[in-house]
>>> print(open('data-v7.tsv').read())   # TSV, N, CA and C atoms
chain	number	residue	atom	x	y	z
A	99	MET	N	-3.99	-136.90	-41.33
A	99	MET	CA	-3.29	-136.13	-42.34
A	99	MET	C	-2.73	-137.08	-43.40
A	100	ASN	N	-2.92	-136.75	-44.66
A	100	ASN	CA	-2.48	-137.60	-45.76
A	100	ASN	C	-1.12	-137.13	-46.27
A	101	ARG	N	-0.11	-138.00	-46.19
A	101	ARG	CA	1.24	-137.63	-46.62
A	101	ARG	C	1.60	-138.20	-47.99
A	102	MET	N	0.68	-138.82	-48.67
A	102	MET	CA	0.97	-139.44	-49.96
A	102	MET	C	1.49	-138.45	-51.01
A	103	PRO	N	0.93	-137.23	-51.18
A	103	PRO	CA	1.44	-136.34	-52.21
A	103	PRO	C	2.90	-135.92	-52.01
A	104	ILE	N	3.39	-135.94	-50.77
A	104	ILE	CA	4.76	-135.52	-50.49
A	104	ILE	C	5.76	-136.58	-50.96
A	105	LEU	N	5.41	-137.84	-50.87
A	105	LEU	CA	6.32	-138.92	-51.21
A	105	LEU	C	6.80	-138.86	-52.66
A	106	PRO	N	5.94	-138.72	-53.66
A	106	PRO	CA	6.46	-138.66	-55.04
A	106	PRO	C	7.39	-137.48	-55.27
A	107	LEU	N	7.08	-136.33	-54.69
A	107	LEU	CA	7.95	-135.17	-54.86
A	107	LEU	C	9.30	-135.41	-54.23
A	108	SER	N	9.31	-135.99	-53.03
A	108	SER	CA	10.59	-136.24	-52.36
A	108	SER	C	11.41	-137.28	-53.13
A	109	LEU	N	10.73	-138.27	-53.71
A	109	LEU	CA	11.46	-139.25	-54.53
A	109	LEU	C	12.03	-138.60	-55.78
A	110	ALA	N	11.27	-137.73	-56.39
A	110	ALA	CA	11.75	-137.05	-57.59
A	110	ALA	C	12.96	-136.19	-57.28
A	111	LEU	N	12.92	-135.48	-56.15
A	111	LEU	CA	14.07	-134.65	-55.77
A	111	LEU	C	15.28	-135.50	-55.46
A	112	ALA	N	15.07	-136.62	-54.77
A	112	ALA	CA	16.18	-137.51	-54.46
A	112	ALA	C	16.76	-138.10	-55.73
A	113	PHE	N	15.91	-138.51	-56.67
A	113	PHE	CA	16.36	-139.08	-57.93
A	113	PHE	C	17.20	-138.08	-58.71
A	114	SER	N	16.72	-136.82	-58.80
A	114	SER	CA	17.46	-135.82	-59.57
A	114	SER	C	18.79	-135.47	-58.91
A	115	ALA	N	18.87	-135.57	-57.57
A	115	ALA	CA	20.13	-135.30	-56.89
A	115	ALA	C	21.14	-136.42	-57.14
A	116	CYS	N	20.64	-137.66	-57.21
A	116	CYS	CA	21.54	-138.80	-57.43
A	116	CYS	C	21.94	-138.96	-58.89
A	117	PHE	N	21.06	-138.53	-59.81
A	117	PHE	CA	21.30	-138.71	-61.23
A	117	PHE	C	21.11	-137.39	-61.97
A	118	PRO	N	22.02	-136.43	-61.78
A	118	PRO	CA	21.84	-135.12	-62.40
A	118	PRO	C	21.81	-135.15	-63.92
A	119	VAL	N	22.51	-136.07	-64.56
A	119	VAL	CA	22.50	-136.14	-66.01
A	119	VAL	C	21.11	-136.52	-66.50
A	120	ALA	N	20.45	-137.46	-65.84
A	120	ALA	CA	19.10	-137.85	-66.22
A	120	ALA	C	18.14	-136.69	-66.08
A	121	ALA	N	18.31	-135.88	-65.06
A	121	ALA	CA	17.42	-134.74	-64.86
A	121	ALA	C	17.62	-133.71	-65.97
A	122	GLN	N	18.84	-133.54	-66.48
A	122	GLN	CA	19.09	-132.56	-67.52
A	122	GLN	C	18.51	-132.99	-68.86
A	123	THR	N	18.42	-134.27	-69.12
A	123	THR	CA	17.93	-134.73	-70.40
A	123	THR	C	16.43	-134.58	-70.55
A	124	THR	N	15.71	-134.24	-69.48
A	124	THR	CA	14.26	-134.09	-69.58
A	124	THR	C	13.85	-132.70	-70.07
A	125	ASP	N	14.79	-131.78	-70.18
A	125	ASP	CA	14.47	-130.45	-70.68
A	125	ASP	C	14.04	-130.54	-72.14
A	126	ALA	N	13.03	-129.74	-72.52
A	126	ALA	CA	12.56	-129.74	-73.90
A	126	ALA	C	13.61	-129.10	-74.80
A	127	PRO	N	13.88	-129.67	-75.96
A	127	PRO	CA	14.86	-129.07	-76.86
A	127	PRO	C	14.33	-127.75	-77.42
A	128	ALA	N	15.24	-126.87	-77.77
A	128	ALA	CA	14.85	-125.59	-78.37
A	128	ALA	C	14.24	-125.85	-79.74
A	129	ASP	N	13.23	-125.09	-80.10
A	129	ASP	CA	12.57	-125.25	-81.40
A	129	ASP	C	13.42	-124.56	-82.46
A	130	SER	N	14.10	-125.36	-83.25
A	130	SER	CA	14.99	-124.79	-84.27
A	130	SER	C	14.38	-124.86	-85.66
A	131	GLY	N	13.15	-125.39	-85.78
A	131	GLY	CA	12.50	-125.45	-87.07
A	131	GLY	C	13.08	-126.54	-87.95
A	132	VAL	N	12.71	-126.49	-89.23
A	132	VAL	CA	13.23	-127.45	-90.20
A	132	VAL	C	14.07	-126.70	-91.23
A	133	PHE	N	14.98	-127.41	-91.86
A	133	PHE	CA	15.82	-126.80	-92.89
A	133	PHE	C	15.01	-126.64	-94.17
A	134	VAL	N	15.06	-125.43	-94.72
A	134	VAL	CA	14.47	-125.15	-96.03
A	134	VAL	C	15.60	-124.59	-96.88
A	135	SER	N	15.82	-125.18	-98.05
A	135	SER	CA	16.95	-124.77	-98.88
A	135	SER	C	16.86	-123.31	-99.31
A	136	GLU	N	18.01	-122.73	-99.57
A	136	GLU	CA	18.05	-121.33	-100.02
A	136	GLU	C	17.31	-121.17	-101.34
A	137	GLY	N	17.39	-122.16	-102.21
A	137	GLY	CA	16.67	-122.11	-103.48
A	137	GLY	C	15.17	-122.03	-103.27
A	138	THR	N	14.66	-122.81	-102.33
A	138	THR	CA	13.23	-122.77	-102.02
A	138	THR	C	12.87	-121.42	-101.41
A	139	LEU	N	13.70	-120.94	-100.48
A	139	LEU	CA	13.44	-119.62	-99.87
A	139	LEU	C	13.39	-118.54	-100.95
A	140	ASP	N	14.28	-118.63	-101.92
A	140	ASP	CA	14.32	-117.62	-102.99
A	140	ASP	C	13.00	-117.57	-103.77
A	141	THR	N	12.34	-118.72	-103.92
A	141	THR	CA	11.07	-118.73	-104.66
A	141	THR	C	9.97	-117.98	-103.93
A	142	TYR	N	10.11	-117.80	-102.62
A	142	TYR	CA	9.10	-117.10	-101.83
A	142	TYR	C	9.32	-115.59	-101.77
A	143	VAL	N	10.51	-115.13	-102.11
A	143	VAL	CA	10.84	-113.71	-102.04
A	143	VAL	C	9.95	-112.92	-103.00
A	144	GLY	N	9.33	-111.86	-102.48
A	144	GLY	CA	8.49	-111.01	-103.32
A	144	GLY	C	7.51	-110.22	-102.47
A	145	THR	N	6.58	-109.58	-103.15
A	145	THR	CA	5.55	-108.78	-102.48
A	145	THR	C	4.19	-109.40	-102.77
A	146	TYR	N	3.40	-109.57	-101.74
A	146	TYR	CA	2.10	-110.20	-101.83
A	146	TYR	C	1.04	-109.20	-101.38
A	147	VAL	N	0.00	-109.01	-102.19
A	147	VAL	CA	-1.02	-107.99	-101.94
A	147	VAL	C	-2.21	-108.61	-101.22
A	148	ILE	N	-2.54	-108.05	-100.06
A	148	ILE	CA	-3.73	-108.45	-99.32
A	148	ILE	C	-4.92	-107.63	-99.82
A	149	SER	N	-4.71	-106.33	-99.89
A	149	SER	CA	-5.70	-105.39	-100.42
A	149	SER	C	-4.94	-104.17	-100.90
A	150	PRO	N	-5.57	-103.31	-101.71
A	150	PRO	CA	-4.85	-102.11	-102.18
A	150	PRO	C	-4.25	-101.32	-101.00
A	151	GLY	N	-2.95	-101.12	-101.06
A	151	GLY	CA	-2.26	-100.37	-100.01
A	151	GLY	C	-1.83	-101.20	-98.82
A	152	PHE	N	-2.16	-102.49	-98.79
A	152	PHE	CA	-1.74	-103.36	-97.69
A	152	PHE	C	-1.10	-104.62	-98.27
A	153	GLU	N	0.21	-104.74	-98.04
A	153	GLU	CA	0.99	-105.81	-98.66
A	153	GLU	C	1.86	-106.52	-97.62
A	154	LEU	N	2.27	-107.72	-98.00
A	154	LEU	CA	3.26	-108.47	-97.24
A	154	LEU	C	4.52	-108.55	-98.08
A	155	LYS	N	5.62	-108.08	-97.55
A	155	LYS	CA	6.90	-108.14	-98.24
A	155	LYS	C	7.71	-109.29	-97.64
A	156	VAL	N	8.25	-110.15	-98.50
A	156	VAL	CA	9.05	-111.29	-98.06
A	156	VAL	C	10.43	-111.17	-98.70
A	157	TRP	N	11.48	-111.31	-97.90
A	157	TRP	CA	12.85	-111.27	-98.41
A	157	TRP	C	13.73	-112.17	-97.55
A	158	ARG	N	14.94	-112.39	-98.06
A	158	ARG	CA	15.93	-113.19	-97.33
A	158	ARG	C	16.99	-112.30	-96.72
A	159	GLU	N	17.39	-112.68	-95.53
A	159	GLU	CA	18.58	-112.11	-94.89
A	159	GLU	C	19.46	-113.31	-94.56
A	160	GLY	N	20.42	-113.58	-95.42
A	160	GLY	CA	21.23	-114.79	-95.27
A	160	GLY	C	20.35	-116.01	-95.49
A	161	GLU	N	20.34	-116.91	-94.52
A	161	GLU	CA	19.51	-118.11	-94.61
A	161	GLU	C	18.15	-117.92	-93.95
A	162	GLN	N	17.85	-116.69	-93.53
A	162	GLN	CA	16.62	-116.37	-92.80
A	162	GLN	C	15.61	-115.70	-93.72
A	163	LEU	N	14.38	-116.19	-93.72
A	163	LEU	CA	13.29	-115.56	-94.46
A	163	LEU	C	12.64	-114.53	-93.53
A	164	MET	N	12.36	-113.34	-94.07
A	164	MET	CA	11.76	-112.26	-93.29
A	164	MET	C	10.41	-111.88	-93.89
A	165	LEU	N	9.52	-111.37	-93.05
A	165	LEU	CA	8.19	-110.95	-93.48
A	165	LEU	C	7.88	-109.61	-92.85
A	166	GLN	N	7.30	-108.70	-93.66
A	166	GLN	CA	6.90	-107.40	-93.14
A	166	GLN	C	5.60	-106.97	-93.80
A	167	ALA	N	4.61	-106.69	-92.97
A	167	ALA	CA	3.34	-106.15	-93.47
A	167	ALA	C	3.46	-104.63	-93.53
A	168	THR	N	2.72	-104.02	-94.42
A	168	THR	CA	2.74	-102.56	-94.56
A	168	THR	C	2.53	-101.89	-93.21
A	169	GLY	N	3.47	-101.01	-92.84
A	169	GLY	CA	3.37	-100.26	-91.59
A	169	GLY	C	3.69	-101.04	-90.34
A	170	GLN	N	4.18	-102.26	-90.48
A	170	GLN	CA	4.49	-103.10	-89.33
A	170	GLN	C	5.99	-103.37	-89.25
A	171	ALA	N	6.41	-103.94	-88.13
A	171	ALA	CA	7.80	-104.36	-87.96
A	171	ALA	C	8.07	-105.59	-88.82
A	172	ALA	N	9.33	-105.81	-89.13
A	172	ALA	CA	9.73	-107.01	-89.87
A	172	ALA	C	9.85	-108.17	-88.89
A	173	TRP	N	9.42	-109.37	-89.34
A	173	TRP	CA	9.44	-110.55	-88.49
A	173	TRP	C	10.24	-111.66	-89.15
A	174	PRO	N	11.13	-112.34	-88.41
A	174	PRO	CA	11.80	-113.51	-88.96
A	174	PRO	C	10.83	-114.69	-89.00
A	175	LEU	N	11.01	-115.56	-90.00
A	175	LEU	CA	10.16	-116.73	-90.14
A	175	LEU	C	10.97	-117.99	-89.83
A	176	LEU	N	10.32	-118.95	-89.18
A	176	LEU	CA	10.94	-120.22	-88.84
A	176	LEU	C	10.22	-121.31	-89.60
A	177	GLY	N	10.94	-122.09	-90.40
A	177	GLY	CA	10.33	-123.15	-91.20
A	177	GLY	C	9.73	-124.25	-90.35
A	178	ILE	N	8.48	-124.57	-90.62
A	178	ILE	CA	7.81	-125.72	-90.01
A	178	ILE	C	7.81	-126.86	-91.02
A	179	SER	N	7.69	-126.51	-92.30
A	179	SER	CA	7.79	-127.45	-93.41
A	179	SER	C	8.35	-126.67	-94.59
A	180	GLU	N	8.37	-127.27	-95.77
A	180	GLU	CA	8.87	-126.58	-96.96
A	180	GLU	C	8.04	-125.35	-97.31
A	181	THR	N	6.76	-125.35	-96.97
A	181	THR	CA	5.87	-124.26	-97.38
A	181	THR	C	5.24	-123.50	-96.22
A	182	VAL	N	5.37	-123.99	-95.00
A	182	VAL	CA	4.73	-123.34	-93.84
A	182	VAL	C	5.80	-122.84	-92.88
A	183	PHE	N	5.60	-121.59	-92.43
A	183	PHE	CA	6.56	-120.94	-91.54
A	183	PHE	C	5.84	-120.31	-90.36
A	184	ARG	N	6.51	-120.32	-89.23
A	184	ARG	CA	5.99	-119.65	-88.04
A	184	ARG	C	6.56	-118.25	-87.97
A	185	VAL	N	5.69	-117.28	-87.68
A	185	VAL	CA	6.14	-115.92	-87.45
A	185	VAL	C	6.56	-115.88	-85.98
A	186	GLN	N	7.86	-115.78	-85.75
A	186	GLN	CA	8.39	-115.96	-84.41
A	186	GLN	C	7.96	-114.88	-83.42
A	187	ALA	N	7.74	-113.67	-83.87
A	187	ALA	CA	7.46	-112.57	-82.96
A	187	ALA	C	6.01	-112.53	-82.48
A	188	VAL	N	5.11	-113.14	-83.23
A	188	VAL	CA	3.69	-113.14	-82.87
A	188	VAL	C	3.15	-114.57	-83.07
A	189	ASP	N	1.97	-114.82	-82.56
A	189	ASP	CA	1.37	-116.14	-82.70
A	189	ASP	C	0.70	-116.24	-84.07
A	190	ALA	N	1.50	-116.51	-85.10
A	190	ALA	CA	0.97	-116.56	-86.46
A	190	ALA	C	1.80	-117.52	-87.30
A	191	LYS	N	1.20	-117.95	-88.40
A	191	LYS	CA	1.90	-118.79	-89.38
A	191	LYS	C	1.60	-118.25	-90.76
A	192	VAL	N	2.49	-118.55	-91.69
A	192	VAL	CA	2.25	-118.24	-93.10
A	192	VAL	C	2.49	-119.50	-93.90
A	193	SER	N	1.69	-119.66	-94.94
A	193	SER	CA	1.80	-120.80	-95.84
A	193	SER	C	1.90	-120.28	-97.26
A	194	PHE	N	2.95	-120.70	-97.97
A	194	PHE	CA	3.16	-120.27	-99.34
A	194	PHE	C	2.49	-121.26	-100.29
A	195	GLY	N	1.73	-120.73	-101.24
A	195	GLY	CA	1.12	-121.54	-102.28
A	195	GLY	C	1.98	-121.46	-103.52
A	196	VAL	N	2.25	-122.61	-104.13
A	196	VAL	CA	3.13	-122.68	-105.29
A	196	VAL	C	2.31	-123.18	-106.49
A	197	ASN	N	2.47	-122.51	-107.64
A	197	ASN	CA	1.74	-122.91	-108.85
A	197	ASN	C	2.44	-124.08	-109.55
A	198	ALA	N	1.87	-124.52	-110.67
A	198	ALA	CA	2.40	-125.66	-111.42
A	198	ALA	C	3.82	-125.43	-111.93
A	199	ALA	N	4.19	-124.16	-112.15
A	199	ALA	CA	5.53	-123.83	-112.62
A	199	ALA	C	6.55	-123.80	-111.48
A	200	GLY	N	6.10	-124.06	-110.25
A	200	GLY	CA	7.00	-124.06	-109.10
A	200	GLY	C	7.26	-122.68	-108.53
A	201	GLU	N	6.45	-121.69	-108.93
A	201	GLU	CA	6.61	-120.32	-108.42
A	201	GLU	C	5.59	-120.05	-107.32
A	202	ALA	N	6.05	-119.39	-106.27
A	202	ALA	CA	5.12	-119.00	-105.21
A	202	ALA	C	4.20	-117.91	-105.77
A	203	ASP	N	2.90	-118.14	-105.72
A	203	ASP	CA	1.97	-117.15	-106.26
A	203	ASP	C	1.01	-116.59	-105.22
A	204	GLN	N	1.07	-117.13	-104.00
A	204	GLN	CA	0.22	-116.60	-102.94
A	204	GLN	C	0.79	-116.98	-101.58
A	205	VAL	N	0.35	-116.28	-100.58
A	205	VAL	CA	0.69	-116.61	-99.20
A	205	VAL	C	-0.59	-116.45	-98.38
A	206	VAL	N	-0.77	-117.35	-97.42
A	206	VAL	CA	-1.90	-117.27	-96.52
A	206	VAL	C	-1.35	-117.02	-95.13
A	207	LEU	N	-1.85	-115.97	-94.49
A	207	LEU	CA	-1.45	-115.62	-93.12
A	207	LEU	C	-2.51	-116.16	-92.18
A	208	PHE	N	-2.10	-116.98	-91.22
A	208	PHE	CA	-2.98	-117.53	-90.19
A	208	PHE	C	-2.68	-116.80	-88.89
A	209	MET	N	-3.62	-115.96	-88.44
A	209	MET	CA	-3.38	-115.14	-87.24
A	209	MET	C	-4.70	-114.82	-86.57
A	210	ASP	N	-4.74	-114.94	-85.25
A	210	ASP	CA	-5.94	-114.63	-84.47
A	210	ASP	C	-7.17	-115.40	-84.96
A	211	GLY	N	-6.98	-116.65	-85.35
A	211	GLY	CA	-8.08	-117.48	-85.80
A	211	GLY	C	-8.61	-117.15	-87.18
A	212	ARG	N	-7.90	-116.29	-87.92
A	212	ARG	CA	-8.33	-115.91	-89.28
A	212	ARG	C	-7.29	-116.33	-90.30
A	213	GLU	N	-7.77	-116.54	-91.51
A	213	GLU	CA	-6.89	-116.80	-92.65
A	213	GLU	C	-7.00	-115.62	-93.61
A	214	THR	N	-5.86	-115.01	-93.92
A	214	THR	CA	-5.85	-113.89	-94.84
A	214	THR	C	-4.96	-114.24	-96.02
A	215	LYS	N	-5.55	-114.24	-97.21
A	215	LYS	CA	-4.82	-114.62	-98.42
A	215	LYS	C	-4.26	-113.39	-99.10
A	216	ALA	N	-3.02	-113.50	-99.57
A	216	ALA	CA	-2.36	-112.43	-100.31
A	216	ALA	C	-1.84	-113.00	-101.62
A	217	ILE	N	-2.06	-112.29	-102.71
A	217	ILE	CA	-1.65	-112.72	-104.04
A	217	ILE	C	-0.33	-112.03	-104.40
A	218	ARG	N	0.58	-112.78	-105.00
A	218	ARG	CA	1.89	-112.23	-105.37
A	218	ARG	C	1.75	-111.15	-106.43
A	219	LYS	N	2.44	-110.05	-106.18
A	219	LYS	CA	2.46	-108.89	-107.09
A	219	LYS	C	3.42	-109.22	-108.23
A	220	ARG	N	3.00	-108.98	-109.46
A	220	ARG	CA	3.85	-109.27	-110.62
A	220	ARG	C	4.56	-108.04	-111.10
>>> encode(input="data-v7.tsv", output="structure tokens")
Amino acid sequence: MNRMPILPLSLALAFSACFPVAAQTTDAPADSGVFVSEGTLDTYVGTYVISPGFELKVWREGEQLMLQATGQAAWPLLGISETVFRVQAVDAKVSFGVNAAGEADQVVLFMDGRETKAIRKR
């Protein structure tokens, strides 16, 4: 009978019992995203058209950017960078495209292996 696999586990348990602080520091930190200024968030606020009758609405609630597709629930967005956000409720990301004047003119939704582009409604 081979007892080798039991030894590392027993050592790990003994180590964590002797050094509880060290064991606590191995937990992964919560994903809090990156800070995106309110001014930058404001440039993304608007309605983006995917197709006639199907739009993405983006607005701010305090320091939080929100996204809602026509007929869908509203989703909070978590900044990954200045222009890319994770849709927290589903496995998706959005990327804002900014023109030369510094205005957001499009958003690309990355979901289920597809990229869907939406143009900002004027």
>>> axis_aligned_box(input="data-v7.tsv", around="stretch 165-182 of chain A", padding_each_side="6 Å", output="AutoDock Vina command-line options")
--center_x 7.2 --center_y -113.9 --center_z -92.7 --size_x 21.3 --size_y 39.2 --size_z 21.4
>>> atom_distance(input="data-v7.tsv", atom1="atom C of A:Thr214", atom2="atom CA of A:Tyr142")
15.5 Å
>>> atom_distance(input="data-v7.tsv", atom1="atom N of A:Ala171", atom2="atom CA of A:Glu201")
26.1 Å
>>> atom_distance(input="data-v7.tsv", atom1="atom CA of A:Leu139", atom2="atom CA of A:Gly211")
25.8 Å
>>> closest_residue(input="data-v7.tsv", among="A:Arg212, A:Val205, A:Ala187, A:Phe133", to="A:Lys155", atoms="only C-alpha atoms")
A:Val205
